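Undergrad: Okay, here's the structure, questions in a sec.
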Amino acid sequence: MAEELRIVLRNYGKIDPLNIDDYIAQGGYDALGKARGMDQKALIEEVKKSGLRGRGGAGFNCGQKWQFAYMAPADQKYVVCNADEGEPGTYKDRLIMQNDPQSLLEGMAICGYAIGSNKGYIYCRGEYPYVVDVLNQAIAQAKDKGVLGDFDIEVRMGAGAYVCGEETALIESIEGSRGEPRFKPPFPPSQGLWQKPTIVNNVETFANIPVIVDKGAEWYAAIGAPAYPGTKVFTLTGDVNNKTFFEVPTNTTIREIVYKLGGGIPGDRKFKAVQIGGTSGAFIPEADLDTPVAFDAMAAIGATLGSGAVFVLDDSRDIVDVVTRIAGFFEHESCGKCAPCREGTMRTAELMEKIDAGEGSADDIALLEKLGRVMSYSCLCGLGQAAPSPVLSTIKNFKADYDAKLM
Amino acid sequence: MDYKGIIAKYKDVSGGIIEAFHAVQKELSYLPEEVIVEAAKIFNIPVAEAYGVATFYSYFSVEPRGKNIIRICESAPCHIAGAADVVAALERELGIMMGETTADGKFTLEYTECVGQCQATPVITVNGKPYAGVSPAQVSAILAEYK
């Protein structure tokens with residue numbers, strides 16, 4: 001345990017990312033060939049049996065999602081890669097795309113064959129123009145080699161909108177509109193891009209696919225936690241010695257990530273809290289550190305695995321100040337389409353600023369809790385539903401820090 | 001600048017207005033009104049809708065900006081790593097406040113949220129190029145690359 005196991009980062013540092021021959025020499029595109037020799041249903045069944053669940057944060061069974069799109073009758077279907085990696089403290093998708101872009105293309109092409117689609121899009125965030133260049137070069141090389149067959153992939157660049165990580169907002173953005181989430185249902189596998197059946201998967205999810213096809217569902221399902229098998233890439237930030245990335249099996253605990261891989265807290269400071277899954281994640285106290293990072297284990301302690309960001313705070317940090325900054329983030333990133341999020345993120349930020357400035361009262365904390373609860377079940381998309389999580393989790397786990405700032 | 005020519009290149013790209021805006025902004029640093037009007041015509045949507053797209057995304061600007069756009073990440077990992085000190089150094093060095101453009105039109109200072117270079121914090125970008133683990137002392141050397 002607490003050992004790295006590189007599946008999605010299997011070629012990291014081993015190949016020249018801009019030389020497709022390097023990827024092919026490592027067995028690249030064998031999986032696509034194997035997949036195309038299989039019956040579509042059998043291929044989807046294999047992905048389903050592997051237990052792979054989406055690595056973008058929602059944790060939906062990948063093969064199951066593919067099956068929905070496969071079964072939807074349509075003249076055109078789409079494969080979309082969500083590369084709008086926007087969770088603060090996360091850069092795992094960038095690592096995959098910069099160091100092994102062909103594995104993403106291969107994963108998408110396998111999905112295309114499985115669901116019956118000949119067109120893929122990679123929606124890459126506007127903060128990564130240099131990644132867009134890498135992807136375009138990789139696609140050009142794959143086309144030259146003819147490895148993708150009739151499957152075409154196009155890159156679209158976002159322009160700085162966190163909400164576009166939500167799959168229907170992302171679809172709106174590819175269509176050239178404001179990136180506002182759609183009402184669901186219909187879900188993208190039945191009606192997505194240009195109202196056609198569409199699979200939207202995260203970069204990390206697609207990068208797993210060639211390995212699963214190559215080594216088989218049973219091999220994959222045996223790695224990590226049985227209900228959320230495989231590995232997860234974590235990026236460590238904040239007050240931790242090793243501010244870097246690790247790919248580990250999903251039964252690794254939070255403590256192992258922070259202390260063994262992360263090397264613990266710098267200097268003679270003590271651990272205070274860790275926020276996992278990005279800026280919408282819960283702040284986790286010392287008492288819960290032995291929780292495995294797998295999706296369901298995290299949900300059981302009221303936290304999320306999310307994108308795999310690991311943001312560590314030592315005991316010198318003002319957690320109310322940090323959460324106030326996070327509340328400002330959500331106020332800025334709310335798209336404004338639904339009232340609970342538009343108004344809720346604004347009022348949350350206002351109340352947090354008031355408390356942080358030493359002007360708050362116990363009533364303000366009670367109001368934050370109520371507002372947070374309402375937002376978590378009434379906001380249209382995951383952004384607004386998850387936005388209260390850092391506030392609610394710190395009120396629950398670090399109440400003394402709030403009380404110390406009250407008037 | 002032939003903005004019409006640039007936009008026309010994306011005419012047949014489905015949903016290509018965002019790509020067209022990126023291409024124009026690369027040349028002009030912002031999206032002037034005539035660009036938005038032209039894009040609405042080319043993509044056959046109301047001007048209000050094209051303006052709505054241009055103002056939805058934080059990386060597009062409908063106000064003139066400097067030649068070089070400096071963005072400072074204010075997300076939580078950069079926040080606790082001292083982003084505010086880097087902001088102060090940039091403001092001092094350029095003699096402008098966040099959100100402003102230098103009188104010579106060379107630099108604009110903007111806040112951004114996470115740019116995904118969190119292996120070393122705080123992070124700034126200049127025209128999209130990231131500089132990770134920036135200290136206030138490094139600011140003038142970074143700016144010198146663009147003067």
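Ligands are numbered from 1 in the order shown, residues from 1 within each chain, and chains are lettered A, B, ... in the order they appear in the structure tokens.
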What are the DSSP strand (DSSP E or B) residues of segment 14-95 of chain B, as a PyMOL selection string?
TA: chain B and resi 68-73
Undergrad: Per residue of chain A within 9 Å of chain B, record the nearest atom pair and its distance in Å to one decimal, counting only C-alpha atoms, with rows in chain order and ascending residue number, as a Markdown table.
TA:
| residue | atom | partner | partner_atom | distance |
| --- | --- | --- | --- | --- |
| A:Glu85 | CA | B:Gly116 | CA | 7.7 |
| A:Gly86 | CA | B:Cys114 | CA | 6.7 |
| A:Glu87 | CA | B:Cys114 | CA | 7.2 |
| A:Pro88 | CA | B:Cys114 | CA | 4.9 |
| A:Gly89 | CA | B:Cys118 | CA | 5.6 |
| A:Thr90 | CA | B:Gly116 | CA | 5.8 |
| A:Tyr91 | CA | B:Gly116 | CA | 4.8 |
| A:Lys92 | CA | B:Gly116 | CA | 8.5 |
| A:Arg94 | CA | B:Gly116 | CA | 7.6 |
| A:Gly126 | CA | B:Tyr59 | CA | 7.5 |
| A:Glu127 | CA | B:Val115 | CA | 5.6 |
| A:Tyr128 | CA | B:Gly128 | CA | 7.4 |
| A:Pro129 | CA | B:Gly128 | CA | 6.9 |
| A:Tyr130 | CA | B:Lys129 | CA | 8.0 |
| A:Arg156 | CA | B:Glu19 | CA | 7.4 |
| A:Met157 | CA | B:Glu19 | CA | 7.2 |
| A:Gly158 | CA | B:Ile18 | CA | 7.9 |
| A:Ala159 | CA | B:Tyr59 | CA | 5.0 |
| A:Gly160 | CA | B:Ser58 | CA | 5.1 |
| A:Ala161 | CA | B:Tyr57 | CA | 5.7 |
| A:Tyr162 | CA | B:Glu113 | CA | 8.6 |
| A:Glu172 | CA | B:Gly15 | CA | 8.9 |
| A:Ser173 | CA | B:Gly15 | CA | 7.9 |
| A:Ile174 | CA | B:Gly15 | CA | 6.0 |
| A:Glu175 | CA | B:Gly15 | CA | 4.1 |
| A:Gly176 | CA | B:Gly15 | CA | 3.9 |
| A:Ser177 | CA | B:Val53 | CA | 5.9 |
| A:Arg178 | CA | B:Val53 | CA | 5.0 |
| A:Gly179 | CA | B:Phe56 | CA | 7.6 |
| A:Thr235 | CA | B:Gln119 | CA | 7.8 |
| A:Leu236 | CA | B:Gln119 | CA | 7.5 |
| A:Thr237 | CA | B:Pro77 | CA | 6.2 |
| A:Gly238 | CA | B:Pro77 | CA | 5.6 |
| A:Asp239 | CA | B:Ile80 | CA | 8.9 |
| A:Lys243 | CA | B:Gln119 | CA | 5.5 |
| A:Thr244 | CA | B:Gln119 | CA | 5.4 |
| A:Phe245 | CA | B:Gln119 | CA | 7.9 |
| A:Thr279 | CA | B:Ala76 | CA | 7.5 |
| A:Phe311 | CA | B:Pro77 | CA | 7.0 |
| A:Val312 | CA | B:Pro77 | CA | 8.9 |
| A:Leu313 | CA | B:Ile80 | CA | 8.9 |
| A:Arg317 | CA | B:Ile80 | CA | 8.1 |
| A:Val322 | CA | B:Ala76 | CA | 6.4 |
| A:Val323 | CA | B:Ala76 | CA | 8.3 |
| A:Arg325 | CA | B:Ala76 | CA | 6.6 |
| A:Ile326 | CA | B:Ala76 | CA | 6.5 |
| A:Phe329 | CA | B:Ser75 | CA | 7.2 |
| A:Cys335 | CA | B:Phe56 | CA | 8.0 |
Undergrad: What is the atom CA of Glu333 of chain A-atom CA of Asp133 of chain A distance in Å, reported with one decimal?
TA: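 Computed distance, atom CA of Glu333 of chain A to atom CA of Asp133 of chain A, equals 26.2 Å.
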Undergrad: Apply DSSP to the structure's backbone, then extract all residues of chain B labelled alpha helix (DSSP H) and return them as a PyMOL selection string.
TA: chain B and resi 3-8+17-28+33-42+47-56+76-80+83-94+139-144
Undergrad: Which residues are near Tyr113 of chain A? Cut-off 9 Å, only C-alpha atoms, ignore same chain within fewer than 6 positions. Put them as a ChimeraX atom specification.
TA: /A:32,35-36,40,151
Undergrad: I want to know what sits within 12 Å of segment 347-364 of chain A, based on only C-alpha atoms, with residues of the same chain fewer than 2 positions away left out; could you give that as a PyMOL selection string?
TA: chain A and resi 318-332+334+339-345+366-375+384+387-392+394-395+399-407
Undergrad: Keeping only C-alpha atoms, write the selected residues as a CSV table (one decimal), in the first residue's frame.
TA:
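Result written to again-v8.csv:
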chain,number,residue,atom,x,y,z
A,318,ASP,CA,-6.8,30.7,9.0
A,319,ILE,CA,-9.4,28.3,7.6
A,320,VAL,CA,-12.1,30.9,7.7
A,321,ASP,CA,-10.0,33.1,5.5
A,322,VAL,CA,-9.4,30.2,3.1
A,323,VAL,CA,-13.1,29.4,2.9
A,324,THR,CA,-13.9,33.1,2.3
A,325,ARG,CA,-11.6,33.0,-0.7
A,326,ILE,CA,-13.3,29.8,-2.0
A,327,ALA,CA,-16.7,31.5,-1.5
A,328,GLY,CA,-15.4,34.3,-3.7
A,329,PHE,CA,-14.4,31.7,-6.3
A,330,PHE,CA,-17.9,30.3,-6.6
A,331,GLU,CA,-19.5,33.7,-6.7
A,332,HIS,CA,-17.3,34.5,-9.7
A,334,SER,CA,-21.6,30.8,-11.0
A,339,ALA,CA,-31.4,31.6,-8.9
A,340,PRO,CA,-30.3,29.3,-6.0
A,341,CYS,CA,-26.7,29.4,-7.3
A,342,ARG,CA,-26.6,32.9,-8.6
A,343,GLU,CA,-28.0,34.4,-5.4
A,344,GLY,CA,-26.7,31.7,-3.1
A,345,THR,CA,-23.1,31.9,-4.0
A,366,ALA,CA,-26.9,29.5,11.1
A,367,LEU,CA,-27.9,31.4,8.0
A,368,LEU,CA,-24.9,30.0,6.1
A,369,GLU,CA,-25.9,26.5,7.1
A,370,LYS,CA,-29.5,26.9,6.0
A,371,LEU,CA,-28.5,28.5,2.7
A,372,GLY,CA,-26.0,25.8,2.1
A,373,ARG,CA,-28.5,23.1,2.6
A,374,VAL,CA,-31.0,24.8,0.3
A,375,MET,CA,-28.4,25.2,-2.4
A,384,GLY,CA,-24.1,25.1,-7.1
A,387,ALA,CA,-20.4,25.0,-3.7
A,388,PRO,CA,-21.6,25.0,0.0
A,389,SER,CA,-19.5,21.9,0.8
A,390,PRO,CA,-16.4,23.7,2.0
A,391,VAL,CA,-18.5,26.1,4.1
A,392,LEU,CA,-20.7,23.4,5.7
A,394,THR,CA,-15.7,23.7,8.0
A,395,ILE,CA,-18.6,24.8,10.2
A,399,LYS,CA,-16.5,25.4,14.4
A,400,ALA,CA,-14.0,26.9,16.9
A,401,ASP,CA,-12.3,28.8,14.1
A,402,TYR,CA,-15.6,30.5,13.2
A,403,ASP,CA,-16.5,31.2,16.8
A,404,ALA,CA,-13.2,32.9,17.4
A,405,LYS,CA,-14.0,35.4,14.7
A,406,LEU,CA,-17.5,36.3,15.8
A,407,MET,CA,-18.3,39.7,17.2
Undergrad: Can you pull out every residue within 6 Å of segment 246-253 of chain A, counting only C-alpha atoms, but drop anything in the same chain fewer than 4 positions away, and send it as a ChimeraX atom specification?
TA: /A:2,4-6,224-225,230-234,290-294
Undergrad: Pull C-alpha atoms from the residues just selected and write them as a short mmCIF file (atom, residue, chain, number, x, y, z; two decimals), in the first residue's frame.
TA:
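Wrote result_17.cif, looks like this:
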data_model
loop_
_atom_site.label_atom_id
_atom_site.label_comp_id
_atom_site.auth_asym_id
_atom_site.auth_seq_id
_atom_site.Cartn_x
_atom_site.Cartn_y
_atom_site.Cartn_z
CA ALA A 2 0.88 3.62 -0.48
CA GLU A 4 2.48 4.24 -6.80
CA LEU A 5 0.82 2.25 -9.55
CA ARG A 6 0.87 3.96 -12.90
CA GLY A 224 -7.84 -0.92 -5.57
CA ALA A 225 -11.26 -0.71 -3.94
CA GLY A 230 -8.35 1.09 -10.57
CA THR A 231 -6.09 3.96 -9.74
CA LYS A 232 -6.54 7.68 -9.21
CA VAL A 233 -4.12 10.48 -9.92
CA PHE A 234 -3.73 12.94 -7.06
CA ASP A 290 -7.78 6.71 7.62
CA THR A 291 -10.59 6.76 5.05
CA PRO A 292 -9.74 5.13 1.69
CA VAL A 293 -9.91 7.61 -1.16
CA ALA A 294 -12.39 5.48 -3.13
#
Undergrad: Could you jot down the atom CA of Cys124 of chain A to atom CA of Ile139 of chain A separation for me, Å, one decimal place?
TA: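 Answer for the atom CA of Cys124 of chain A to atom CA of Ile139 of chain A separation: 13.9 Å.
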Undergrad: State, in Å with one decimal place, the distance from atom CA of Lys34 of chain A to atom CA of Ala69 of chain A.
TA: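 Separation of atom CA of Lys34 of chain A and atom CA of Ala69 of chain A: 21.0 Å.
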Undergrad: Please list as a ChimeraX atom specification every residue within 12 Å of Ala299 of chain A, counting only C-alpha atoms and excluding residues in the same chain fewer than 2 positions away.
TA: /A:57-59,276-277,281-282,284,288,291-297,301-306
Undergrad: Could those selected residues go to a file with C-alpha atoms, as a PDB file, in the first residue's frame?
TA:
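Printed below is result.pdb as written:
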ATOM      1  CA  GLY A  57     -16.053  13.525 -10.228  1.00  0.00           C
ATOM      2  CA  ALA A  58     -19.493  11.950 -10.650  1.00  0.00           C
ATOM      3  CA  GLY A  59     -18.244   8.352 -10.555  1.00  0.00           C
ATOM      4  CA  ILE A 276      -9.873  16.658  -1.418  1.00  0.00           C
ATOM      5  CA  GLY A 277     -11.429  16.757  -4.864  1.00  0.00           C
ATOM      6  CA  GLY A 281     -14.616  19.420  -1.734  1.00  0.00           C
ATOM      7  CA  ALA A 282     -15.163  19.086   1.993  1.00  0.00           C
ATOM      8  CA  ILE A 284     -11.505  16.751   6.244  1.00  0.00           C
ATOM      9  CA  ASP A 288     -11.128  10.927   9.147  1.00  0.00           C
ATOM     10  CA  THR A 291     -10.592   6.764   5.050  1.00  0.00           C
ATOM     11  CA  PRO A 292      -9.736   5.127   1.694  1.00  0.00           C
ATOM     12  CA  VAL A 293      -9.911   7.614  -1.165  1.00  0.00           C
ATOM     13  CA  ALA A 294     -12.389   5.477  -3.128  1.00  0.00           C
ATOM     14  CA  PHE A 295     -15.568   7.235  -4.193  1.00  0.00           C
ATOM     15  CA  ASP A 296     -18.031   5.604  -1.785  1.00  0.00           C
ATOM     16  CA  ALA A 297     -15.740   5.615   1.242  1.00  0.00           C
ATOM     17  CA  ILE A 301     -17.583  10.751   5.550  1.00  0.00           C
ATOM     18  CA  GLY A 302     -19.424  13.522   3.714  1.00  0.00           C
ATOM     19  CA  ALA A 303     -16.496  14.184   1.380  1.00  0.00           C
ATOM     20  CA  THR A 304     -15.839  13.633  -2.313  1.00  0.00           C
ATOM     21  CA  LEU A 305     -13.041  12.185  -4.378  1.00  0.00           C
ATOM     22  CA  GLY A 306     -13.734  14.698  -7.117  1.00  0.00           C
TER      23      GLY A 306
END
Undergrad: Pick the closest to Ser29 of chain B from B:Gly99, B:Gly82, B:Ser140, B:Arg65: which is it, counting only C-alpha atoms?
TA: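 Checking each of B:Gly99, B:Gly82, B:Ser140, B:Arg65 against Ser29 of chain B, counting only C-alpha atoms, the winner is B:Arg65.
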Undergrad: With distances taken over only C-alpha atoms, which of B:Lys26, B:Ile7, B:Ile142, B:Ala132 is nearest to Ala39 of chain B?
TA: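 Closest residue, counting only C-alpha atoms: B:Ile7.
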